[in-house]
file coords-v5.csv (CSV, C-alpha atoms and all ligand atoms)
chain,number,residue,atom,x,y,z
A,26,MET,CA,192.0,96.4,-82.3
A,27,ARG,CA,194.3,99.4,-82.1
A,28,HIS,CA,197.4,99.3,-79.9
A,29,GLY,CA,200.3,101.4,-78.8
A,30,ASP,CA,201.5,104.9,-79.5
A,31,SER,CA,202.3,104.0,-83.1
A,32,GLY,CA,198.5,103.6,-83.6
A,33,GLU,CA,199.2,100.6,-85.8
A,34,GLU,CA,196.3,98.3,-86.4
A,35,PHE,CA,196.5,94.8,-85.0
A,36,ASP,CA,194.0,92.3,-86.4
A,37,ALA,CA,193.0,89.8,-83.7
A,38,ALA,CA,190.3,88.1,-85.8
A,39,GLY,CA,190.5,84.3,-85.4
A,40,LYS,CA,192.7,84.5,-82.3
A,41,PHE,CA,192.1,83.8,-78.7
A,42,ALA,CA,193.3,86.7,-76.5
A,43,PHE,CA,194.3,86.0,-72.9
A,44,PRO,CA,196.1,88.0,-70.2
A,45,ALA,CA,199.8,87.4,-70.7
A,46,PHE,CA,201.6,85.4,-68.0
A,47,ASN,CA,203.3,86.7,-64.9
A,48,ASN,CA,206.2,84.4,-64.0
A,49,GLY,CA,206.6,84.8,-60.2
A,50,HIS,CA,210.0,83.3,-59.8
A,51,THR,CA,213.0,83.2,-62.2
A,52,HIS,CA,216.7,83.3,-62.4
A,53,LEU,CA,216.6,84.5,-66.0
A,54,ALA,CA,220.2,84.2,-67.1
A,55,MET,CA,220.4,80.6,-65.9
A,56,THR,CA,219.4,79.7,-69.4
A,57,LEU,CA,223.2,79.6,-69.8
A,58,MET,CA,223.2,76.5,-67.5
A,59,ARG,CA,220.2,74.7,-69.0
A,60,GLY,CA,220.8,70.9,-68.9
A,61,ALA,CA,224.1,71.1,-67.1
A,62,GLY,CA,224.5,68.5,-64.4
A,63,ASP,CA,221.0,67.3,-65.0
A,64,GLY,CA,220.0,64.3,-62.8
A,65,GLU,CA,222.3,65.0,-60.0
A,66,LYS,CA,221.1,65.3,-56.4
A,67,LEU,CA,220.3,68.9,-55.4
A,68,GLN,CA,223.3,69.6,-53.2
A,69,ASP,CA,225.7,67.8,-55.6
A,70,TRP,CA,224.2,69.7,-58.6
A,71,LEU,CA,224.7,73.0,-56.8
A,72,ASP,CA,228.3,72.2,-55.6
A,73,ASN,CA,229.6,70.5,-58.7
A,74,THR,CA,227.9,72.3,-61.5
A,75,ILE,CA,226.0,75.5,-60.7
A,76,PHE,CA,228.3,77.2,-58.2
A,77,PRO,CA,231.5,76.6,-60.2
A,78,MET,CA,229.7,77.9,-63.4
A,79,GLU,CA,228.4,81.0,-61.5
A,80,GLN,CA,232.0,81.8,-60.5
A,81,ARG,CA,232.7,82.4,-64.2
A,82,LEU,CA,229.7,84.7,-64.8
A,83,THR,CA,230.3,88.2,-66.3
A,84,PRO,CA,227.9,91.1,-67.0
A,85,ASP,CA,228.1,90.2,-70.7
A,86,LEU,CA,227.2,86.6,-70.2
A,87,VAL,CA,224.2,87.6,-68.0
A,88,TYR,CA,223.0,90.0,-70.7
A,89,LYS,CA,223.2,87.3,-73.4
A,90,GLY,CA,221.6,84.6,-71.2
A,91,SER,CA,218.8,87.1,-70.3
A,92,MET,CA,218.1,87.7,-74.0
A,93,LEU,CA,217.6,84.0,-74.7
A,94,GLY,CA,215.3,83.7,-71.7
A,95,LEU,CA,213.3,86.7,-73.0
A,96,ILE,CA,212.9,85.0,-76.4
A,97,GLU,CA,211.4,82.0,-74.7
A,98,MET,CA,209.1,84.1,-72.5
A,99,ILE,CA,207.8,86.1,-75.5
A,100,ARG,CA,207.2,82.9,-77.5
A,101,THR,CA,205.3,81.3,-74.7
A,102,GLY,CA,203.2,84.4,-73.8
A,103,THR,CA,204.9,85.8,-70.7
A,104,SER,CA,205.1,89.6,-70.3
A,105,ARG,CA,206.4,90.1,-66.8
A,106,PHE,CA,208.5,88.3,-64.2
A,107,LEU,CA,210.0,88.5,-60.7
A,108,ASP,CA,213.7,87.7,-61.0
A,109,MET,CA,216.6,87.0,-58.7
A,110,TYR,CA,220.1,86.9,-60.2
A,111,TYR,CA,223.7,88.3,-60.3
A,112,PHE,CA,224.6,91.3,-62.5
A,113,VAL,CA,220.9,92.0,-62.7
A,114,GLU,CA,221.4,95.5,-64.2
A,115,GLU,CA,222.3,93.5,-67.4
A,116,THR,CA,219.0,91.7,-67.2
A,117,ALA,CA,217.3,95.1,-66.8
A,118,LYS,CA,219.0,96.3,-70.1
A,119,ALA,CA,217.8,93.1,-71.8
A,120,VAL,CA,214.2,93.6,-70.6
A,121,GLU,CA,214.2,97.2,-71.7
A,122,LYS,CA,215.3,96.2,-75.1
A,123,ALA,CA,212.8,93.3,-75.4
A,124,GLY,CA,209.9,95.5,-74.2
A,125,LEU,CA,208.8,93.3,-71.4
A,126,ARG,CA,208.2,94.1,-67.7
A,127,ALA,CA,210.3,92.8,-64.7
A,128,THR,CA,211.1,93.3,-61.1
A,129,LEU,CA,214.7,92.3,-60.5
A,130,GLY,CA,216.6,91.5,-57.3
A,131,THR,CA,220.2,90.7,-56.5
A,132,PRO,CA,220.5,87.4,-54.6
A,133,ILE,CA,221.9,88.5,-51.2
A,134,THR,CA,224.1,85.8,-49.6
A,135,SER,CA,226.7,85.8,-46.9
A,136,PHE,CA,229.4,84.4,-49.2
A,137,GLY,CA,231.3,86.2,-52.0
A,138,THR,CA,230.5,85.9,-55.7
A,139,PRO,CA,231.9,87.4,-58.8
A,140,TYR,CA,229.3,90.1,-58.3
A,141,TYR,CA,230.1,91.1,-54.7
A,142,LYS,CA,232.5,90.4,-51.7
A,143,ASP,CA,230.0,89.6,-49.0
A,144,ALA,CA,226.5,90.3,-47.7
A,145,LYS,CA,227.3,93.9,-46.8
A,146,ASP,CA,228.5,94.5,-50.4
A,147,ALA,CA,225.4,92.8,-51.8
A,148,LEU,CA,223.1,95.0,-49.7
A,149,ARG,CA,225.0,98.1,-51.0
A,150,ILE,CA,224.5,96.9,-54.6
A,151,ALA,CA,220.8,96.3,-53.9
A,152,GLU,CA,220.4,99.8,-52.5
A,153,ARG,CA,222.2,101.3,-55.5
A,154,GLN,CA,219.8,99.6,-57.8
A,155,LEU,CA,216.8,100.8,-55.7
A,156,LYS,CA,218.1,104.4,-55.9
A,157,SER,CA,218.5,104.1,-59.7
A,158,MET,CA,214.8,103.1,-60.1
A,159,ARG,CA,212.6,105.2,-62.4
A,160,ALA,CA,208.9,104.7,-63.1
A,161,GLY,CA,208.5,102.3,-66.0
A,162,ARG,CA,208.4,98.6,-67.0
A,163,VAL,CA,211.6,97.6,-65.1
A,164,GLY,CA,212.0,97.8,-61.3
A,165,TYR,CA,214.0,96.3,-58.5
A,166,CYS,CA,213.3,94.5,-55.3
A,167,VAL,CA,215.3,93.2,-52.3
A,168,SER,CA,216.1,89.4,-52.6
A,169,PRO,CA,218.0,87.8,-49.7
A,170,HIS,CA,218.5,84.3,-51.2
A,171,SER,CA,217.3,82.3,-48.2
A,172,ILE,CA,217.5,81.7,-44.5
A,173,TYR,CA,220.3,79.1,-45.0
A,174,LEU,CA,222.6,81.5,-47.0
A,175,ASN,CA,222.1,84.5,-44.8
A,176,ASP,CA,222.7,85.4,-41.1
A,177,GLU,CA,219.9,87.0,-39.1
A,178,GLU,CA,221.4,90.5,-39.2
A,179,THR,CA,221.5,90.4,-43.1
A,180,LEU,CA,217.9,89.3,-43.3
A,181,ILE,CA,216.8,92.1,-41.0
A,182,LYS,CA,218.8,94.6,-43.0
A,183,ALA,CA,217.2,93.4,-46.2
A,184,ARG,CA,213.8,93.8,-44.7
A,185,GLU,CA,214.7,97.4,-43.7
A,186,LEU,CA,215.9,98.1,-47.2
A,187,ALA,CA,212.7,96.8,-48.8
A,188,ASP,CA,210.6,98.9,-46.4
A,189,LYS,CA,212.6,102.0,-47.0
A,190,TYR,CA,212.1,101.9,-50.7
A,191,HIS,CA,208.5,100.3,-50.6
A,192,VAL,CA,209.5,97.4,-52.8
A,193,TRP,CA,209.0,93.6,-52.7
A,194,LEU,CA,211.1,91.4,-50.4
A,195,SER,CA,211.5,88.0,-52.1
A,196,LEU,CA,213.3,85.0,-50.8
A,197,HIS,CA,213.4,81.2,-51.2
A,198,VAL,CA,211.9,79.4,-48.2
A,199,SER,CA,211.0,75.9,-47.1
A,200,GLU,CA,212.0,74.4,-50.4
A,201,THR,CA,213.5,71.2,-49.0
A,202,ARG,CA,212.8,69.2,-45.9
A,203,LYS,CA,216.5,69.4,-45.0
A,204,GLU,CA,216.3,73.2,-45.0
A,205,CYS,CA,213.3,73.1,-42.6
A,206,VAL,CA,214.9,70.5,-40.2
A,207,ASP,CA,218.2,72.5,-40.2
A,208,CYS,CA,216.3,75.7,-39.4
A,209,HIS,CA,214.4,74.0,-36.6
A,210,GLU,CA,217.5,72.5,-35.1
A,211,ARG,CA,219.3,75.8,-35.2
A,212,THR,CA,216.6,78.2,-34.0
A,213,GLY,CA,213.8,76.0,-32.5
A,214,LYS,CA,211.4,77.3,-35.2
A,215,TRP,CA,210.2,76.2,-38.6
A,216,PRO,CA,211.4,78.6,-41.4
A,217,VAL,CA,208.3,80.8,-41.9
A,218,GLU,CA,207.9,80.9,-38.1
A,219,TYR,CA,211.5,82.0,-37.8
A,220,LEU,CA,211.0,84.7,-40.4
A,221,ASP,CA,208.0,85.9,-38.6
A,222,GLY,CA,209.9,86.1,-35.3
A,223,ILE,CA,212.6,88.4,-36.8
A,224,GLY,CA,210.0,90.6,-38.5
A,225,LEU,CA,210.6,89.4,-42.1
A,226,LEU,CA,207.0,88.7,-43.0
A,227,GLY,CA,204.9,91.6,-44.3
A,228,GLU,CA,202.5,92.6,-47.0
A,229,ASN,CA,205.5,93.1,-49.4
A,230,THR,CA,207.1,89.7,-48.6
A,231,VAL,CA,207.1,87.1,-51.4
A,232,LEU,CA,207.8,83.6,-50.2
A,233,ILE,CA,209.2,81.4,-53.0
A,234,HIS,CA,208.5,77.6,-53.0
A,235,ALA,CA,206.9,77.1,-49.5
A,236,ALA,CA,206.7,73.4,-50.3
A,237,TRP,CA,206.9,72.4,-46.6
A,238,LEU,CA,204.5,74.4,-44.4
A,239,THR,CA,202.8,73.7,-41.1
A,240,LYS,CA,199.3,74.9,-40.4
A,241,MET,CA,200.7,77.4,-37.9
A,242,GLU,CA,203.0,78.8,-40.7
A,243,ILE,CA,200.0,79.2,-43.0
A,244,ARG,CA,198.3,81.2,-40.3
A,245,LEU,CA,201.4,83.4,-40.0
A,246,ILE,CA,201.4,84.0,-43.7
A,247,VAL,CA,197.7,85.0,-43.6
A,248,GLU,CA,198.1,87.3,-40.6
A,249,ASN,CA,201.0,89.1,-42.2
A,250,GLY,CA,199.4,89.4,-45.7
A,251,SER,CA,202.5,87.8,-47.4
A,252,SER,CA,202.3,86.2,-50.8
A,253,VAL,CA,203.6,82.9,-52.0
A,254,ILE,CA,205.0,81.6,-55.3
A,255,HIS,CA,204.5,78.0,-56.2
A,256,CYS,CA,207.2,76.4,-58.4
A,257,PRO,CA,205.9,72.8,-59.0
A,258,VAL,CA,208.2,71.8,-61.8
A,259,SER,CA,211.4,72.8,-60.1
A,260,ASN,CA,210.2,71.2,-56.8
A,261,MET,CA,209.5,67.9,-58.6
A,262,LYS,CA,212.6,67.9,-60.8
A,263,LEU,CA,214.9,68.6,-57.8
A,264,ALA,CA,212.9,66.1,-55.7
A,265,SER,CA,212.1,68.7,-53.0
A,266,GLY,CA,209.6,66.2,-51.7
A,267,GLY,CA,207.1,68.5,-50.2
A,268,VAL,CA,204.0,69.6,-52.1
A,269,MET,CA,202.8,73.1,-51.4
A,270,PRO,CA,199.4,73.1,-49.6
A,271,LEU,CA,197.9,75.1,-52.4
A,272,HIS,CA,194.2,74.8,-51.4
A,273,GLU,CA,194.9,75.5,-47.7
A,274,LEU,CA,196.7,78.7,-48.7
A,275,LEU,CA,194.0,79.7,-51.3
A,276,ASP,CA,191.2,78.9,-48.9
A,277,ALA,CA,192.8,81.1,-46.3
A,278,GLY,CA,192.9,84.0,-48.7
A,279,VAL,CA,196.7,84.0,-49.5
A,280,THR,CA,197.8,85.4,-52.9
A,281,VAL,CA,199.6,82.5,-54.6
A,282,GLY,CA,201.4,83.0,-57.9
A,283,LEU,CA,203.2,80.5,-60.1
A,284,GLY,CA,206.8,80.5,-61.1
A,285,THR,CA,209.1,78.4,-63.2
A,286,ASP,CA,212.4,79.0,-61.2
A,287,GLY,CA,215.5,79.1,-63.4
A,288,ALA,CA,215.9,77.3,-66.7
A,289,SER,CA,218.6,75.2,-65.0
A,290,SER,CA,216.1,73.5,-62.6
A,291,ASN,CA,213.0,73.3,-64.8
A,292,ASN,CA,214.3,73.3,-67.6
A,293,SER,CA,212.1,75.9,-69.4
A,294,LEU,CA,210.5,79.2,-68.7
A,295,ASP,CA,207.1,78.1,-70.1
A,296,MET,CA,204.2,79.1,-67.9
A,297,ARG,CA,201.8,76.9,-69.9
A,298,GLU,CA,203.8,73.8,-68.7
A,299,GLU,CA,203.9,75.2,-65.2
A,300,MET,CA,200.1,75.5,-65.1
A,301,LYS,CA,199.6,72.0,-66.4
A,302,ILE,CA,202.2,70.2,-64.3
A,303,GLY,CA,201.2,72.2,-61.2
A,304,SER,CA,197.6,71.2,-61.7
A,305,LEU,CA,198.5,67.5,-62.2
A,306,LEU,CA,200.8,67.5,-59.1
A,307,GLN,CA,198.0,68.7,-56.8
A,308,LYS,CA,195.4,66.4,-58.3
A,309,SER,CA,197.7,63.4,-58.0
A,310,HIS,CA,198.9,64.3,-54.6
A,311,ARG,CA,195.4,64.9,-53.2
A,312,TRP,CA,193.6,62.1,-55.0
A,313,ASP,CA,191.2,64.7,-56.1
A,314,ALA,CA,190.3,65.4,-59.7
A,315,THR,CA,188.7,68.7,-58.7
A,316,ALA,CA,191.9,70.1,-57.1
A,317,ALA,CA,193.9,72.9,-58.9
A,318,ASN,CA,191.5,73.2,-61.9
A,319,ALA,CA,192.3,75.0,-65.1
A,320,ARG,CA,190.9,78.3,-63.9
A,321,THR,CA,192.7,78.2,-60.6
A,322,MET,CA,196.0,77.6,-62.4
A,323,PHE,CA,195.3,80.2,-65.0
A,324,ARG,CA,194.5,82.9,-62.3
A,325,MET,CA,197.8,82.0,-60.5
A,326,ALA,CA,199.8,82.3,-63.8
A,327,THR,CA,198.4,85.7,-64.8
A,328,LEU,CA,198.3,87.6,-61.4
A,329,GLY,CA,198.0,91.3,-62.0
A,330,SER,CA,198.5,91.0,-65.8
A,331,THR,CA,197.6,94.0,-67.9
A,332,ASP,CA,199.1,92.6,-71.2
A,333,PHE,CA,197.8,90.3,-73.8
A,334,ALA,CA,199.0,87.2,-75.6
A,335,PHE,CA,197.2,85.5,-78.6
A,336,ILE,CA,196.8,82.0,-79.9
A,337,ARG,CA,195.1,81.1,-83.2
A,338,LEU,CA,191.6,79.6,-82.5
A,339,ASP,CA,192.3,77.1,-85.3
A,340,ASP,CA,195.5,75.9,-83.7
A,341,VAL,CA,195.0,72.1,-83.4
A,342,ARG,CA,195.6,72.2,-79.7
A,343,MET,CA,192.8,74.8,-79.3
A,344,LEU,CA,190.2,72.7,-81.1
A,345,PRO,CA,187.4,72.1,-80.4
A,346,HIS,CA,186.2,75.2,-78.4
A,347,HIS,CA,184.3,73.5,-75.5
A,348,ASP,CA,186.6,75.2,-73.0
A,349,LEU,CA,189.3,77.5,-74.2
A,350,ILE,CA,190.9,78.0,-70.7
A,351,SER,CA,191.1,74.2,-70.3
A,352,ASN,CA,192.7,74.0,-73.8
A,353,LEU,CA,195.3,76.6,-72.9
A,354,VAL,CA,196.2,75.0,-69.6
A,355,TYR,CA,196.3,71.3,-70.6
A,356,SER,CA,196.8,71.3,-74.4
A,357,GLY,CA,198.8,74.4,-75.1
A,358,GLY,CA,199.1,75.8,-78.6
A,359,ALA,CA,201.6,78.2,-80.2
A,360,VAL,CA,201.5,81.8,-79.0
A,361,THR,CA,201.6,84.0,-82.1
A,362,ASP,CA,201.4,87.6,-80.8
A,363,LEU,CA,202.2,89.5,-77.6
A,364,ILE,CA,201.2,93.1,-76.6
A,365,VAL,CA,203.0,94.6,-73.6
A,366,ASP,CA,202.2,98.1,-72.3
A,367,GLY,CA,200.2,98.8,-75.5
A,368,ARG,CA,203.1,97.8,-77.8
A,369,LEU,CA,203.3,94.9,-80.2
A,370,ILE,CA,206.3,92.8,-79.1
A,371,MET,CA,205.6,89.8,-81.3
A,372,LYS,CA,203.3,89.8,-84.3
A,373,GLY,CA,202.4,86.7,-86.3
A,374,GLY,CA,205.2,84.7,-84.7
A,375,GLU,CA,207.9,87.4,-85.4
A,376,ILE,CA,209.6,89.2,-82.6
A,377,LEU,CA,209.6,92.9,-83.4
A,378,THR,CA,211.8,94.5,-80.7
A,379,PHE,CA,215.2,92.9,-81.4
A,380,ASP,CA,217.0,90.5,-83.8
A,381,GLU,CA,216.1,87.0,-82.5
A,382,GLU,CA,218.6,85.1,-84.6
A,383,GLN,CA,221.5,87.4,-83.6
A,384,ALA,CA,220.5,87.0,-79.9
A,385,LYS,CA,220.5,83.2,-80.3
A,386,LYS,CA,224.0,83.3,-81.9
A,387,ASP,CA,225.4,85.5,-79.2
A,388,PHE,CA,223.9,83.2,-76.6
A,389,GLU,CA,225.5,80.1,-78.1
A,390,GLU,CA,228.9,81.7,-78.0
A,391,ALA,CA,228.3,82.9,-74.4
A,392,SER,CA,227.2,79.5,-73.1
A,393,LEU,CA,230.5,78.0,-74.3
A,394,GLU,CA,232.5,80.5,-72.2
A,395,LEU,CA,231.0,79.0,-69.1
A,396,ILE,CA,232.5,75.6,-69.7
A,397,LYS,CA,236.0,76.7,-70.6
B,1,ZN,ZN,215.0,80.0,-57.3
call {"tool": "encode", "arguments": {"input": "coords-v5.csv", "output": "structure tokens", "more": "lines below"}}
Ligand SMILES: [Zn+2]
result
Amino acid sequence: MRHGDSGEEFDAAGKFAFPAFNNGHTHLAMTLMRGAGDGEKLQDWLDNTIFPMEQRLTPDLVYKGSMLGLIEMIRTGTSRFLDMYYFVEETAKAVEKAGLRATLGTPITSFGTPYYKDAKDALRIAERQLKSMRAGRVGYCVSPHSIYLNDEETLIKARELADKYHVWLSLHVSETRKECVDCHERTGKWPVEYLDGIGLLGENTVLIHAAWLTKMEIRLIVENGSSVIHCPVSNMKLASGGVMPLHELLDAGVTVGLGTDGASSNNSLDMREEMKIGSLLQKSHRWDATAANARTMFRMATLGSTDFAFIRLDDVRMLPHHDLISNLVYSGGAVTDLIVDGRLIMKGGEILTFDEEQAKKDFEEASLELIK
């Protein structure tokens, strides 16, 4: 087959071509924190490990952390992702260099970070990013972190900003039971119900996690045409407890994507693992071997994909060929090639758009700076 503006020939003979993955939720540069504080309780992990490390973040560290994340994405067949992180302009530069696609958002919170003073400042940064947007592979969105890290006024302003620029509004919601109970105690409403009440739900709203939902909240998601991202590995690793009502959402017609979350809470960015573990979680939880089958997971992992990844058909994990999608979801296999926007990003296992070894060296040095 031919590809790209270079017109170079790409020989796909003997390879299984599939739509490249779309990772619906990442904090890309958190590769820098992979493995740190592993095994702690969620709040202790955030308070003792993640938040102190994030206080030391710099634009340079985010760039280098993003490059490592992109290597992993390329090598596991992902071509696009929806990200939320600090200094996200640096992630934009890294994505441009690697040749992938991304929609990036600044996590808006009411407390200060090395990136901004307060929520007002974060909203200003988000608007600056939206104004700088050009047509292309990299875009921005508006990402208030969550209900529990923002006041109502900030959430409403974030909504207005997303509407003004016609972009996604993405936020974490109903990840833990504590979050839901706290919201109910404070507002008398469950999180999605609360968001609906203040006008946060719309067709451009992306609800991340949604592990604890009531039937009434599912109806509100349907009525508003909002989308949901399932992050099964992160939810299980951080013991969020709830299991997203995947089939209730799909049966109601909700668009549901799949995301890894950050490498600090997963600990990989590998969508093949996410498909497999997500499927196993639903089957085990529902006592139903027909739940979340390979094709359902594959559709969720490749939403809107227009790019292609390849695995050799004689890869041991792709043999025999009774069901290639099942092999891909449950067995895996090494991704050898990736074509994004008509351009070869990886060919025969070699990344063509940047020096992988150098990026890894830079990353190792950068990761040490975080623990000084
Ligand atoms: Zn997250």
call {"tool": "residues_near_ligand", "arguments": {"input": "coords-v5.csv", "ligand": "ligand ZN 1 (chain B)", "cutoff": "8 Å", "atoms": "all atoms listed in the file", "output": "count of residues only"}}
result
8
call {"tool": "residues_around", "arguments": {"input": "coords-v5.csv", "residues": "A:Ala42", "least_positions_apart": "5", "cutoff": "7 Å", "atoms": "only C-alpha atoms", "output": "list in words"}}
result
Phe333, Ala334, Phe335 and Ile336 of chain A
call {"tool": "residues_around", "arguments": {"input": "coords-v5.csv", "residues": "A:Arg320", "least_positions_apart": "2", "cutoff": "9 Å", "atoms": "only C-alpha atoms", "output": "ChimeraX atom specification"}}
result
/A:317-318,322-325,350-351,354
call {"tool": "closest_atom_pairs", "arguments": {"input": "coords-v5.csv", "of": "stretch 350-390 of chain A", "to": "stretch 326-331 of chain A", "cutoff": "12 Å", "atoms": "all atoms listed in the file", "output": "Markdown table"}}
result
| residue | atom | partner | partner_atom | distance |
| --- | --- | --- | --- | --- |
| A:Leu353 | CA | A:Ala326 | CA | 11.6 |
| A:Val354 | CA | A:Ala326 | CA | 10.0 |
| A:Leu363 | CA | A:Thr331 | CA | 11.6 |
| A:Ile364 | CA | A:Thr331 | CA | 9.5 |
| A:Val365 | CA | A:Thr331 | CA | 7.9 |
| A:Asp366 | CA | A:Thr331 | CA | 7.6 |
| A:Gly367 | CA | A:Thr331 | CA | 9.4 |
| A:Arg368 | CA | A:Thr331 | CA | 11.9 |
call {"tool": "write_last_selection", "arguments": {"input": "coords-v5.csv", "atoms": "C-alpha atoms", "output": "PDB file, in the coordinates of the input"}}
result
ATOM      1  CA  LEU A 353     195.300  76.600 -72.900  1.00  0.00           C
ATOM      2  CA  VAL A 354     196.200  75.000 -69.600  1.00  0.00           C
ATOM      3  CA  LEU A 363     202.200  89.500 -77.600  1.00  0.00           C
ATOM      4  CA  ILE A 364     201.200  93.100 -76.600  1.00  0.00           C
ATOM      5  CA  VAL A 365     203.000  94.600 -73.600  1.00  0.00           C
ATOM      6  CA  ASP A 366     202.200  98.100 -72.300  1.00  0.00           C
ATOM      7  CA  GLY A 367     200.200  98.800 -75.500  1.00  0.00           C
ATOM      8  CA  ARG A 368     203.100  97.800 -77.800  1.00  0.00           C
TER       9      ARG A 368
END
call {"tool": "closest_residue", "arguments": {"input": "coords-v5.csv", "among": "A:Leu155, A:Val268, A:Val341, A:Val206", "to": "A:His234", "atoms": "all atoms listed in the file"}}
result
A:Val268
call {"tool": "closest_residue", "arguments": {"input": "coords-v5.csv", "among": "A:Ala316, A:Met296, A:Leu305, A:Ile396", "to": "A:Glu273", "atoms": "all atoms listed in the file"}}
result
A:Ala316
call {"tool": "atom_distance", "arguments": {"input": "coords-v5.csv", "atom1": "atom CA of A:Ser293", "atom2": "atom CA of A:Ile99"}}
result
12.6 Å
call {"tool": "closest_residue", "arguments": {"input": "coords-v5.csv", "among": "A:Ala144, A:Leu245, A:Met300, A:Ala236", "to": "A:Leu271", "atoms": "all atoms listed in the file"}}
result
A:Ala236
call {"tool": "closest_residue", "arguments": {"input": "coords-v5.csv", "among": "A:Met78, A:Leu274, A:Leu306, A:Ala288", "to": "A:Leu53", "atoms": "only C-alpha atoms"}}
result
A:Ala288
call {"tool": "residues_around", "arguments": {"input": "coords-v5.csv", "residues": "A:His191", "least_positions_apart": "6", "cutoff": "10 Å", "atoms": "all atoms listed in the file", "output": "PDB file with C-alpha atoms, keeping the file's coordinate frame"}}
result
ATOM      1  CA  LEU A 155     216.800 100.800 -55.700  1.00  0.00           C
ATOM      2  CA  CYS A 166     213.300  94.500 -55.300  1.00  0.00           C
ATOM      3  CA  VAL A 167     215.300  93.200 -52.300  1.00  0.00           C
ATOM      4  CA  GLU A 185     214.700  97.400 -43.700  1.00  0.00           C
ATOM      5  CA  ASN A 229     205.500  93.100 -49.400  1.00  0.00           C
TER       6      ASN A 229
END
call {"tool": "closest_residue", "arguments": {"input": "coords-v5.csv", "among": "A:Leu226, A:Leu67, A:Ala38, A:Ala123", "to": "A:Ala384", "atoms": "all atoms listed in the file"}}
result
A:Ala123
call {"tool": "decode", "arguments": {"input": "coords-v5.csv", "residues": "stretch 65-88 of chain A", "atoms": "C-alpha atoms", "output": "PDB file, in the first residue's frame"}}
result
ATOM      1  CA  GLU A  65      -0.599   3.123  49.001  1.00  0.00           C
ATOM      2  CA  LYS A  66      -4.238   4.024  49.577  1.00  0.00           C
ATOM      3  CA  LEU A  67      -5.567   6.508  47.008  1.00  0.00           C
ATOM      4  CA  GLN A  68      -5.630   9.587  49.234  1.00  0.00           C
ATOM      5  CA  ASP A  69      -2.283   8.742  50.922  1.00  0.00           C
ATOM      6  CA  TRP A  70      -0.744   8.089  47.508  1.00  0.00           C
ATOM      7  CA  LEU A  71      -1.922  11.477  46.240  1.00  0.00           C
ATOM      8  CA  ASP A  72      -0.951  13.391  49.404  1.00  0.00           C
ATOM      9  CA  ASN A  73       2.409  11.703  50.093  1.00  0.00           C
ATOM     10  CA  THR A  74       3.707  10.934  46.613  1.00  0.00           C
ATOM     11  CA  ILE A  75       1.953  12.511  43.642  1.00  0.00           C
ATOM     12  CA  PHE A  76       1.131  16.032  44.851  1.00  0.00           C
ATOM     13  CA  PRO A  77       4.666  16.657  46.297  1.00  0.00           C
ATOM     14  CA  MET A  78       6.236  15.408  43.040  1.00  0.00           C
ATOM     15  CA  GLU A  79       3.932  17.586  40.964  1.00  0.00           C
ATOM     16  CA  GLN A  80       5.093  20.624  42.937  1.00  0.00           C
ATOM     17  CA  ARG A  81       8.534  20.038  41.353  1.00  0.00           C
ATOM     18  CA  LEU A  82       7.280  19.806  37.776  1.00  0.00           C
ATOM     19  CA  THR A  83       8.776  22.065  35.133  1.00  0.00           C
ATOM     20  CA  PRO A  84       7.983  22.496  31.423  1.00  0.00           C
ATOM     21  CA  ASP A  85      11.172  20.573  30.554  1.00  0.00           C
ATOM     22  CA  LEU A  86      10.206  17.601  32.738  1.00  0.00           C
ATOM     23  CA  VAL A  87       6.730  17.477  31.202  1.00  0.00           C
ATOM     24  CA  TYR A  88       8.206  17.459  27.698  1.00  0.00           C
TER      25      TYR A  88
END
